[in-house]
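Participant: Quick one: the structure is below, and I'll ask about it shortly.
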There are 4 protein chains.
Amino acid sequence: MSGLEVISLAPDPTRYAWTFGGVEPVARIRPGTVLRLFTEDCFAGRVRSEIDLVSEVCEFPFLNPQTGPFHIEGAEPGDTVAVHFISIEPARDWAASTTVPLFGALTATHLTALLHDPLPEAVWIWELDRVARTCRFRAHSGTFEVDLPMDPMHGTVGVAPANLEVRSALVPDAFGGNMDTPEMRAGVTCYLGVNVPGALLSLGDGHARQGEGETCGVAVETAMNTVIAVELLKGRACPWPRIESASHIISTGSVRPLEDAFRIAQSDLVHWLNEDYGLDTLDAYQLVTQAVLSPLANVCDTNYTSVAKFPKQYLPKGQAMGGVDSHLREISAQYLKMHG
Amino acid sequence: MSGLEVISLAPDPTRYAWTFGGVEPVARIRPGTVLRLFTEDCFAGRVRSEIDLVSEVCEFPFLNPQTGPFHIEGAEPGDTVAVHFISIEPARDWAASTTVPLFGALTATHLTALLHDPLPEAVWIWELDRVARTCRFRAHSGTFEVDLPMDPMHGTVGVAPANLEVRSALVPDAFGGNMDTPEMRAGVTCYLGVNVPGALLSLGDGHARQGEGETCGVAVETAMNTVIAVELLKGRACPWPRIESASHIISTGSVRPLEDAFRIAQSDLVHWLNEDYGLDTLDAYQLVTQAVLSPLANVCDTNYTSVAKFPKQYLPKGQAMGGVDSHLREISAQYLKMHG
Amino acid sequence: MSGLEVISLAPDPTRYAWTFGGVEPVARIRPGTVLRLFTEDCFAGRVRSEIDLVSEVCEFPFLNPQTGPFHIEGAEPGDTVAVHFISIEPARDWAASTTVPLFGALTATHLTALLHDPLPEAVWIWELDRVARTCRFRAHSGTFEVDLPMDPMHGTVGVAPANLEVRSALVPDAFGGNMDTPEMRAGVTCYLGVNVPGALLSLGDGHARQGEGETCGVAVETAMNTVIAVELLKGRACPWPRIESASHIISTGSVRPLEDAFRIAQSDLVHWLNEDYGLDTLDAYQLVTQAVLSPLANVCDTNYTSVAKFPKQYLPKGQAMGGVDSHLREISAQYLKMHG
Amino acid sequence: MSGLEVISLAPDPTRYAWTFGGVEPVARIRPGTVLRLFTEDCFAGRVRSEIDLVSEVCEFPFLNPQTGPFHIEGAEPGDTVAVHFISIEPARDWAASTTVPLFGALTATHLTALLHDPLPEAVWIWELDRVARTCRFRAHSGTFEVDLPMDPMHGTVGVAPANLEVRSALVPDAFGGNMDTPEMRAGVTCYLGVNVPGALLSLGDGHARQGEGETCGVAVETAMNTVIAVELLKGRACPWPRIESASHIISTGSVRPLEDAFRIAQSDLVHWLNEDYGLDTLDAYQLVTQAVLSPLANVCDTNYTSVAKFPKQYLPKGQAMGGVDSHLREISAQYLKMHG
């Protein structure tokens with residue numbers, strides 16, 4: 001593996017992608033390539049202080065810039081792209097979060113259309129201590145401050161959608177996209193079904209941390225320096241995004257209402273236990289029922305995302321998605337030995 | 001505190017409660033009382049082997065028997081009952097789980113009414129090792145077996161509902177009831193708003209363990225020997241059930257669709273940070289967004305239940321619900337010293 | 001049929017029922033009886049002018065008073081009660097409608113829990129012209145007035161629920177209750193499955209008229225003088241409320257989310273075409289798809305109600321629910337000849 | 001108006017559009033132009049007999065072919081396109097309807113993911129009598145036949161979406177698209193907000209008739225010869241598709257869950273009464289509540305569509321959308337005098 005191929009990209013601000021699909025690739029890569037990427041925050045870097053209100057400084061629809069897309073050589077519909085996150089590191093010592101008018105889980109929105117005026121608009125600047133690995137919250141009202149653990153993740157990772165579509169980078173769906181799950185952290189592998197030749201992988205929306213459900217709609221948003229390794233599973237489909245960590249296999253579903261997102265993730269997990277671990281479907285249904293963890297990802301985006309996690313230690317013998325995660329961990333180890 | 005009052009009750013099978021509200025109390029207790037209770041499983045003990053299909057051996061509506069209700073002296077509408085779980089121990093060395101026709105998250109149901117025939121009906125008998133603290137799953141098809149950790153909990157705990165209602169013990173709602181959250185384990189305190197004089201507390205539906213969301217609708221169901229301590233908060237309301245553990249404050253919401261259950265739990269948590277910890281509402285909205293854990297409880301019952309957990313270590317100074325949890329932990333310690 | 005039995009009841013204000021189930025019957029009646037009833041409005045008559053705000057003048061939970069319940073002799077679980085509306089006439093020359101804080105389809109509510117303040121509270125007094133059959137709306141702001149056609153209906157009609165429950169009169173569910181469908185007008189027969197001996201029928205919540213969906217949560221509410229004829233179908237179940245008019249057979253479903261209410265009503269209609277008209281289920285699914293009318297009833301109550309109407313002229317040969325509607329129309333004709 | 005511009009287009013089968021957005025215009029037209037169009041059925045004409053199962057003869061994603069798109073000169077974001085349907089006439093004497101595996105309101109689907117096998121797949125060929133204006137249903141099982149009134153409509157009409165997106169022609173959303181409402185019949189004007197220069201209008205998915213909700217997911221599908229007149233409202237936005245008939249103004253909302261689609265349509269109607277008829281918002285909320293008709297459109301597509309109809313006769317003085325409907329009716333009359 002001396003031939004580890006490493007490509008770096010920090011896109012010029014004019015070269016971000018704002019959609020999944022519909023964008024020319026920034027590069028063609030071979031399976032096995034390591035990508036060192038800079039991603040800008042969801043505000044395209046425009047919210048820098050507490051007076052930078054989203055409704056004033058951001059320019060719709062130029063939100064949630066994606067780095068990419070990358071054309072993966074040999075990827076065809078019916079294959080699956082595996083993206084291993086080697087590292088995700090905040091590129092700045094601060095992050096921003098905000099309320100956004102008519103957006104979020106606890107407010108009237110454009111889709112939950114009510115007769116209320118929007119909630120007040122506000123910005124919180126979070127201080128990131130990259131040595132102590134903390135994110136500092138300061139209340140606007142009063143003097144309360146608290147340090148939360150840094151837990152960097154990507155809210156958005158996806159490929160071009162099926163059905164000839166081009167989707168906003170704000171949308172999560174079967175192609176991945178803006179799932180906003182804290183599970184998308186360094187050390188995991190994300191599986192995405194390929195819908196178009198080359199797959200067209202891109203990612204962005206770094207969060208220094210995020211609660212489950214992303215209640216107000218906006219996490220601790222910051223630019224990231226992220227390293228991923230990309231592989232390709234030929235002839236293996238993946239209908240909804242899956243994630244594999246050292247300890248869990250994880251299914252996701254993104255749709256409204258939220259119970260349908262739950263159903264997709266749990267059904268996918270049942271089928272996964274059948275496909276890769278040989279359990280009969282009803283047995284898998286029973287075992288999942290007793291062992292699954294079901295943290296929410298987002299309940300604010302165009303589609304809601306529900307996550308279903310199964311602990312590997314309770315699985316029958318088998319390997320997830322052909323075992324590609326092990327291979328990617330080797331690439332990761334090799335990369336980190338050279339560059340870590 | 002030498003006067004610790006302890007009452008034991010293992011109801012005669014004819015004396016279970018099948019509803020919240022509408023039942024005469026089995027006893028009147030003073031705040032501060034410790035209750036040692038036996039609870040039967042949700043099948044009323046009728047599913048004992050793999051040939052005991054729910055549709056054949058159970059008698060609707062006599063499902064989910066509750067032990068109680070207890071009239072708590074002095075409890076009036078506007079107060080809150082605090083129930084501390086001192087211990088929850090399986091009363092048998094086996095438990096049962098099943099599919100139930102037209103019930104569960106991944107099937108057509110009476111409420112998600114589709115034209116499919118029901119899924120197959122089946123029973124799994126789980127072996128409980130109360131020393132090793134494990135629950136053994138055996139697949140029906142093939143030879144796979146696995147031990148999951150025992151994590152005993154009560155699916156159902158509640159008080160009489162508001163609005164003159166009587167509700168089936170299968171329902172979760174603002175009065176508590178069949179919330180089916182794994183958070184209801186030994187060591188936590190559950191807060192329930194009082195709707196009628198005496199509150200009329202009851203509980204049941206022991207689970208040796210349960211995944212989040214209770215996907216197939218049925219957990220690892222078993223009879224329990226459970227010890228609780230009961231307190232009363234005068235003049236403090238609690239609109240939806242709350243839970244306090246050593247490490248978290250926890251809000252719950254139970255309704256359909258699931259996003260509304262999420263909204264209730266998250267809104268309640270925001271308001272709780274405001275009421276007991278002095279955070280401004282918008283600041284609380286921001287902090288919850290970044291720090292909350294949002295595991296699902298059930299996505300199968302009459303109402304779906306969503307849970308919102310906030311780590312105590314990141315809270316401003318303050319105490320939850322007047323600090324009654326500390327008092328209950330003292331009662332628990334005293335009880336355990338005497339009886340543990 | 002000279003023996004037409006007619007019973008009149010205008011309850012004393014202390015004798016209203018506020019729930020379905022849990023109330024002693026006001027009378028025992030034989031199948032075939034005609035009932036002449038007075039029903040008070042949903043506010044229990046307390047909103048009489050534009051300064052009578054619901055939050056100030058009404059006393060929770062004493063809302064939506066029901067006249068009844070009536071014990072129908074011989075009714076047992078598994079039977080169906082048929083209620084034919086002979087006439088529904090406003091008892092006053094005015095009606096009231098209001099907004100209610102945290103209630104309605106276009107506002108945050110207790111169940112769609114958001115961080116907004118409630119919308120403004122207001123009362124509109126509607127003038128009813130019982131000769132011209134109109135309801136006059138007067139805008140609060142400006143001088144606009146308009147006469148809408150009077151189309152009197154009952155928002156609430158139901159029997160005692162199953163599963164040992166007692167439900168608030170504000171709830172619609174399988175037992176009927178607060179369905180709030182404009183289809184419940186004079187000339188139709190409503191079918192309600194019996195859950196307890198005697199059925200325990202009651203009704204209330206008269207509306208001089210109502211739009212479909214009851215958007216703000218409150219219709220043109222008024223007291224009614226209503227005449228119904230009641231029959232009993234032995235041995236025929238009715239899982240969800242059905243309605244038969246001269247021109248349509250109508251199924252209803254009441255649950256959240258709204259698509260599940262739609263599914264219940266449409267599934268029930270498909271099954272009804274199978275049971276009473278001999279169509280194969282898939283053929284019925286196809287024919288319903290092309291011929292059904294699907295007006296909403298309410299999207300504001302505890303459960304949402306969806307209606308599915310099939311025009312009788314396109315049905316195969318057969319008769320709905322054993323043809324009891326024809327018999328009830330004869331009773332109606334006989335009554336109207338005597339009293340009309 | 002002697003200069004009535006009429007353009008005819010019957011696209012070559014290779015020239016259909018399968019998406020909204022992302023397609024080069026087939027023609028540039030001036031506001032005021034009349035378009036005579038042929039539209040193919042949603043199956044791209046491939047289902048021609050009862051043995052032509054969708055899963056076998058159709059080629060995903062090449063479903064629901066659209067005729068267009070047309071670039072409307074001068075149309076810019078913030079404007080509204082008005083499409084008046086002069087006539088919609090079936091181009092064949094038969095139509096097809098089907099079940100589709102894992103699609104429809106009363107079945108498990110890819111989004112309501114359950115563990116059931118798909119329902120049986122079937123095709124019904126409907127005979128269209130274009131003189132008698134009827135559609136003949138023949139049951140598969142038994143001998144039942146019935147003629148339903150022909151009521152031709154377009155399931156799909158839309159413009160390019162906002163947010164840089166390209167959406168499948170199977171999707172309804174704010175840009176219009178596959179709303180599947182029977183209200184889209186000859187004689188009405190449809191208003192669509194412009195999102196991209198030229199608007200890029202297209203339409204298809206003719207239905208000889210359809211029930212409300214499109215329960216099984218497929219209407220009485222046929223090719224159409226359709227004549228429309230197209231106008232442009234400069235400087236007037238239209239956030240969700242609206243329709244104007246001779247008798248009603250009609251708002252639509254398309255999203256999941258269905259109650260949110262209802263909320264969008266009803267909110268839009270309230271705002272419309274405010275904008276074009278001068279009613280205060282709360283007064284409009286009240287009047288809509290009592291006068292609105294709320295038939296469902298589809299409860300099967302990617303988004304569900306709810307419709308809110310307000311009778312013009314009860315409106316304050318004013319004119320919808322600047323009165324452009326009157327102008328379009330004149331064009332229609334002129335066209336029909338020449339060509340009708």
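The chains in the structure tokens are called A, B, ... from first to last as shown; in each chain the residues are counted from 1, and the ligands are counted from 1 in the order shown.
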Just list as a VMD selection string whatever in segment 178-297 of chain A DSSP marks as strand (DSSP E).

Facilitator: chain A and resid 189 to 193 199 to 207 224 to 233 242 to 244 248 to 255 296 to 297

Participant: Pull out every residue of chain D sitting within 8 Å of chain B, counting only C-alpha atoms, and send them as a PyMOL selection string.

Facilitator: chain D and resi 105-108+113-116+119

Participant: Print the selection's residues with all heavy atoms to a file, as a PDB file, in the first residue's frame.

Facilitator:
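Saved the output as part_10.pdb:
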ATOM      1  N   ALA D 105     -51.806   4.597  -1.201  1.00  0.00           N
ATOM      2  CA  ALA D 105     -52.120   5.023   0.170  1.00  0.00           C
ATOM      3  C   ALA D 105     -52.417   3.858   1.099  1.00  0.00           C
ATOM      4  O   ALA D 105     -52.268   3.998   2.314  1.00  0.00           O
ATOM      5  CB  ALA D 105     -53.318   5.978   0.156  1.00  0.00           C
ATOM      6  N   LEU D 106     -52.833   2.714   0.583  1.00  0.00           N
ATOM      7  CA  LEU D 106     -53.262   1.619   1.457  1.00  0.00           C
ATOM      8  C   LEU D 106     -52.313   0.430   1.389  1.00  0.00           C
ATOM      9  O   LEU D 106     -52.711  -0.728   1.481  1.00  0.00           O
ATOM     10  CB  LEU D 106     -54.700   1.197   1.104  1.00  0.00           C
ATOM     11  CG  LEU D 106     -55.742   2.316   1.194  1.00  0.00           C
ATOM     12  CD1 LEU D 106     -57.137   1.767   0.947  1.00  0.00           C
ATOM     13  CD2 LEU D 106     -55.689   3.024   2.537  1.00  0.00           C
ATOM     14  N   THR D 107     -51.041   0.730   1.226  1.00  0.00           N
ATOM     15  CA  THR D 107     -50.018  -0.303   1.135  1.00  0.00           C
ATOM     16  C   THR D 107     -48.729   0.202   1.765  1.00  0.00           C
ATOM     17  O   THR D 107     -48.496   1.409   1.842  1.00  0.00           O
ATOM     18  CB  THR D 107     -49.754  -0.670  -0.343  1.00  0.00           C
ATOM     19  OG1 THR D 107     -48.560  -1.465  -0.420  1.00  0.00           O
ATOM     20  CG2 THR D 107     -49.535   0.565  -1.194  1.00  0.00           C
ATOM     21  N   ALA D 108     -47.908  -0.740   2.229  1.00  0.00           N
ATOM     22  CA  ALA D 108     -46.526  -0.399   2.555  1.00  0.00           C
ATOM     23  C   ALA D 108     -45.876   0.219   1.315  1.00  0.00           C
ATOM     24  O   ALA D 108     -46.191  -0.164   0.190  1.00  0.00           O
ATOM     25  CB  ALA D 108     -45.760  -1.659   2.956  1.00  0.00           C
ATOM     26  N   ALA D 113     -42.082   2.250   5.240  1.00  0.00           N
ATOM     27  CA  ALA D 113     -41.361   0.989   5.002  1.00  0.00           C
ATOM     28  C   ALA D 113     -41.751  -0.045   6.052  1.00  0.00           C
ATOM     29  O   ALA D 113     -41.394   0.092   7.220  1.00  0.00           O
ATOM     30  CB  ALA D 113     -39.863   1.252   5.036  1.00  0.00           C
ATOM     31  N   LEU D 114     -42.480  -1.070   5.645  1.00  0.00           N
ATOM     32  CA  LEU D 114     -42.939  -2.116   6.549  1.00  0.00           C
ATOM     33  C   LEU D 114     -42.395  -3.455   6.059  1.00  0.00           C
ATOM     34  O   LEU D 114     -41.749  -3.532   5.020  1.00  0.00           O
ATOM     35  CB  LEU D 114     -44.471  -2.119   6.590  1.00  0.00           C
ATOM     36  CG  LEU D 114     -45.119  -0.736   6.840  1.00  0.00           C
ATOM     37  CD1 LEU D 114     -46.629  -0.820   6.771  1.00  0.00           C
ATOM     38  CD2 LEU D 114     -44.663  -0.158   8.166  1.00  0.00           C
ATOM     39  N   LEU D 115     -42.676  -4.510   6.815  1.00  0.00           N
ATOM     40  CA  LEU D 115     -42.116  -5.815   6.464  1.00  0.00           C
ATOM     41  C   LEU D 115     -43.064  -6.661   5.608  1.00  0.00           C
ATOM     42  O   LEU D 115     -42.781  -7.830   5.348  1.00  0.00           O
ATOM     43  CB  LEU D 115     -41.716  -6.562   7.738  1.00  0.00           C
ATOM     44  CG  LEU D 115     -40.649  -5.867   8.596  1.00  0.00           C
ATOM     45  CD1 LEU D 115     -40.332  -6.690   9.845  1.00  0.00           C
ATOM     46  CD2 LEU D 115     -39.362  -5.616   7.794  1.00  0.00           C
ATOM     47  N   HIS D 116     -44.162  -6.072   5.138  1.00  0.00           N
ATOM     48  CA  HIS D 116     -45.087  -6.821   4.288  1.00  0.00           C
ATOM     49  C   HIS D 116     -44.547  -6.998   2.868  1.00  0.00           C
ATOM     50  O   HIS D 116     -43.823  -6.141   2.364  1.00  0.00           O
ATOM     51  CB  HIS D 116     -46.420  -6.071   4.173  1.00  0.00           C
ATOM     52  CG  HIS D 116     -47.164  -5.940   5.450  1.00  0.00           C
ATOM     53  ND1 HIS D 116     -47.952  -6.932   5.963  1.00  0.00           N
ATOM     54  CD2 HIS D 116     -47.230  -4.925   6.343  1.00  0.00           C
ATOM     55  CE1 HIS D 116     -48.483  -6.536   7.111  1.00  0.00           C
ATOM     56  NE2 HIS D 116     -48.056  -5.318   7.372  1.00  0.00           N
ATOM     57  N   LEU D 119     -48.649  -5.638  -2.212  1.00  0.00           N
ATOM     58  CA  LEU D 119     -49.965  -6.091  -2.652  1.00  0.00           C
ATOM     59  C   LEU D 119     -49.872  -6.602  -4.089  1.00  0.00           C
ATOM     60  O   LEU D 119     -48.926  -6.284  -4.812  1.00  0.00           O
ATOM     61  CB  LEU D 119     -50.965  -4.928  -2.586  1.00  0.00           C
ATOM     62  CG  LEU D 119     -51.271  -4.371  -1.189  1.00  0.00           C
ATOM     63  CD1 LEU D 119     -52.254  -3.202  -1.308  1.00  0.00           C
ATOM     64  CD2 LEU D 119     -51.855  -5.449  -0.284  1.00  0.00           C
TER      65      LEU D 119
END

Participant: Could you go through segment 207-269 of chain A and tell me which residues DSSP, when run on the backbone, assigns to alpha helix (DSSP H), listing them as a PyMOL selection string?

Facilitator: chain A and resi 258-269

Participant: Show me, as a ChimeraX atom specification, the residues that have an atom within 7 Å of segment 322-330 of chain D when counting only C-alpha atoms, minus same-chain residues fewer than 5 positions from it.

Facilitator: /D:84,189,229

Participant: Quick one: everything within 8 Å of segment 161-174 of chain B, counting only C-alpha atoms, minus sequence neighbours fewer than 3 positions away in the same chain. Send it as a PyMOL selection string.

Facilitator: (chain B and resi 18-22+63-66+156+177-179+195-196+239-241+253-255+301-305) or (chain C and resi 18-19+60-61+163-168)

Participant: Would you mind exporting C-alpha atoms of the selected residues as a CSV table (one decimal), in the first residue's frame?

Facilitator:
chain,number,residue,atom,x,y,z
B,18,TRP,CA,-56.5,-2.2,33.4
B,19,THR,CA,-56.9,1.5,33.1
B,20,PHE,CA,-55.5,4.8,34.5
B,21,GLY,CA,-58.5,6.4,36.2
B,22,GLY,CA,-61.8,4.8,36.9
B,63,LEU,CA,-53.8,-6.6,28.7
B,64,ASN,CA,-51.1,-4.7,30.6
B,65,PRO,CA,-52.2,-5.2,34.2
B,66,GLN,CA,-51.3,-2.4,36.6
B,156,THR,CA,-45.9,1.8,32.3
B,177,GLY,CA,-49.0,5.5,31.2
B,178,ASN,CA,-47.5,3.2,28.6
B,179,MET,CA,-44.5,5.3,27.6
B,195,ASN,CA,-55.0,15.5,37.8
B,196,VAL,CA,-57.4,14.1,40.4
B,239,PRO,CA,-47.5,19.1,32.3
B,240,TRP,CA,-45.8,16.1,30.8
B,241,PRO,CA,-44.0,13.3,32.6
B,253,GLY,CA,-43.8,13.7,25.0
B,254,SER,CA,-46.4,11.2,23.9
B,255,VAL,CA,-48.6,11.9,20.9
B,301,ASP,CA,-48.3,2.4,20.9
B,302,THR,CA,-51.5,4.5,20.7
B,303,ASN,CA,-49.3,7.5,21.1
B,304,TYR,CA,-45.6,7.6,20.2
B,305,THR,CA,-43.2,8.7,22.9
C,18,TRP,CA,-68.9,15.6,29.5
C,19,THR,CA,-67.6,12.2,28.4
C,60,PHE,CA,-62.3,23.3,31.8
C,61,PRO,CA,-63.0,20.4,31.4
C,163,ASN,CA,-61.2,-1.0,26.2
C,164,LEU,CA,-62.8,0.1,29.5
C,165,GLU,CA,-62.2,3.7,28.5
C,166,VAL,CA,-63.9,7.0,29.3
C,167,ARG,CA,-63.1,9.7,26.8
C,168,SER,CA,-63.7,13.5,26.8

Participant: Tell me which protein, DNA and RNA residues are within 8 Å of Gly198 of chain A, counting only C-alpha atoms, leaving out same-chain ones fewer than 4 positions away, and put them as a list in words.

Facilitator: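 Once the nearby chain positions are removed, what remains is Phe70, His71, Ile72, Glu73, Gly74, Ala75, Glu76 and Val194 of chain A.
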
Participant: Those residues you just picked out, can you put them in a file as an mmCIF file, in the first residue's frame with N, CA and C atoms?

Facilitator:
data_model
loop_
_atom_site.group_PDB
_atom_site.id
_atom_site.type_symbol
_atom_site.label_atom_id
_atom_site.label_comp_id
_atom_site.auth_asym_id
_atom_site.auth_seq_id
_atom_site.Cartn_x
_atom_site.Cartn_y
_atom_site.Cartn_z
ATOM 1 N N PHE A 70 -16.854 14.745 -6.183
ATOM 2 C CA PHE A 70 -15.798 13.898 -6.717
ATOM 3 C C PHE A 70 -16.410 12.757 -7.531
ATOM 4 N N HIS A 71 -15.864 12.602 -8.726
ATOM 5 C CA HIS A 71 -16.267 11.485 -9.578
ATOM 6 C C HIS A 71 -15.408 10.286 -9.193
ATOM 7 N N ILE A 72 -16.049 9.224 -8.743
ATOM 8 C CA ILE A 72 -15.303 8.031 -8.339
ATOM 9 C C ILE A 72 -15.270 7.071 -9.513
ATOM 10 N N GLU A 73 -14.097 6.793 -9.968
ATOM 11 C CA GLU A 73 -13.967 6.003 -11.195
ATOM 12 C C GLU A 73 -14.537 4.604 -11.003
ATOM 13 N N GLY A 74 -15.335 4.220 -11.938
ATOM 14 C CA GLY A 74 -15.911 2.883 -11.920
ATOM 15 C C GLY A 74 -17.244 2.773 -11.213
ATOM 16 N N ALA A 75 -17.646 3.851 -10.502
ATOM 17 C CA ALA A 75 -18.915 3.790 -9.764
ATOM 18 C C ALA A 75 -20.094 3.867 -10.726
ATOM 19 N N GLU A 76 -21.013 2.943 -10.564
ATOM 20 C CA GLU A 76 -22.196 2.891 -11.417
ATOM 21 C C GLU A 76 -23.431 2.647 -10.548
ATOM 22 N N VAL A 194 -24.985 4.283 -5.073
ATOM 23 C CA VAL A 194 -24.641 5.084 -6.251
ATOM 24 C C VAL A 194 -25.846 5.171 -7.188
#

Participant: Could you give me, as a list in words, the residues within 8 Å of Ala297 of chain C, counting only C-alpha atoms and dropping anything in the same chain fewer than 3 positions from it?

Facilitator: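 Returned residues: Met179, Asp180, Thr181, Pro182, Glu212, Gly213, Glu214, Tyr304, Thr305, Ser306 and Val307 of chain C.
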
Participant: Applying 9 Å and only C-alpha atoms, which residues near segment 10-15 of chain A remain after dropping the ones on its own chain fewer than 5 positions away? List them as a tab-separated table (two decimals) with C-alpha atoms, in the first residue's frame.

Facilitator:
chain	number	residue	atom	x	y	z
A	26	VAL	CA	-14.03	18.96	-9.23
A	36	ARG	CA	-7.87	16.09	2.45
A	37	LEU	CA	-10.66	18.62	2.27
A	38	PHE	CA	-11.56	22.02	3.59
A	39	THR	CA	-15.28	22.58	4.09
A	40	GLU	CA	-16.85	25.97	4.78
A	44	ALA	CA	-20.84	30.08	3.63
A	65	PRO	CA	-21.69	24.88	0.56
A	67	THR	CA	-16.81	20.53	-1.16
A	68	GLY	CA	-16.89	18.38	-4.25
A	225	ASN	CA	-10.33	20.29	7.77

Participant: Would you mind telling me which residue in D:Lys312, D:His207, D:Arg133, D:His140 lies nearest to Gln286 of chain C when using only C-alpha atoms?

Facilitator: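 Using only C-alpha atoms, the shortest distance to Gln286 of chain C belongs to D:His140.
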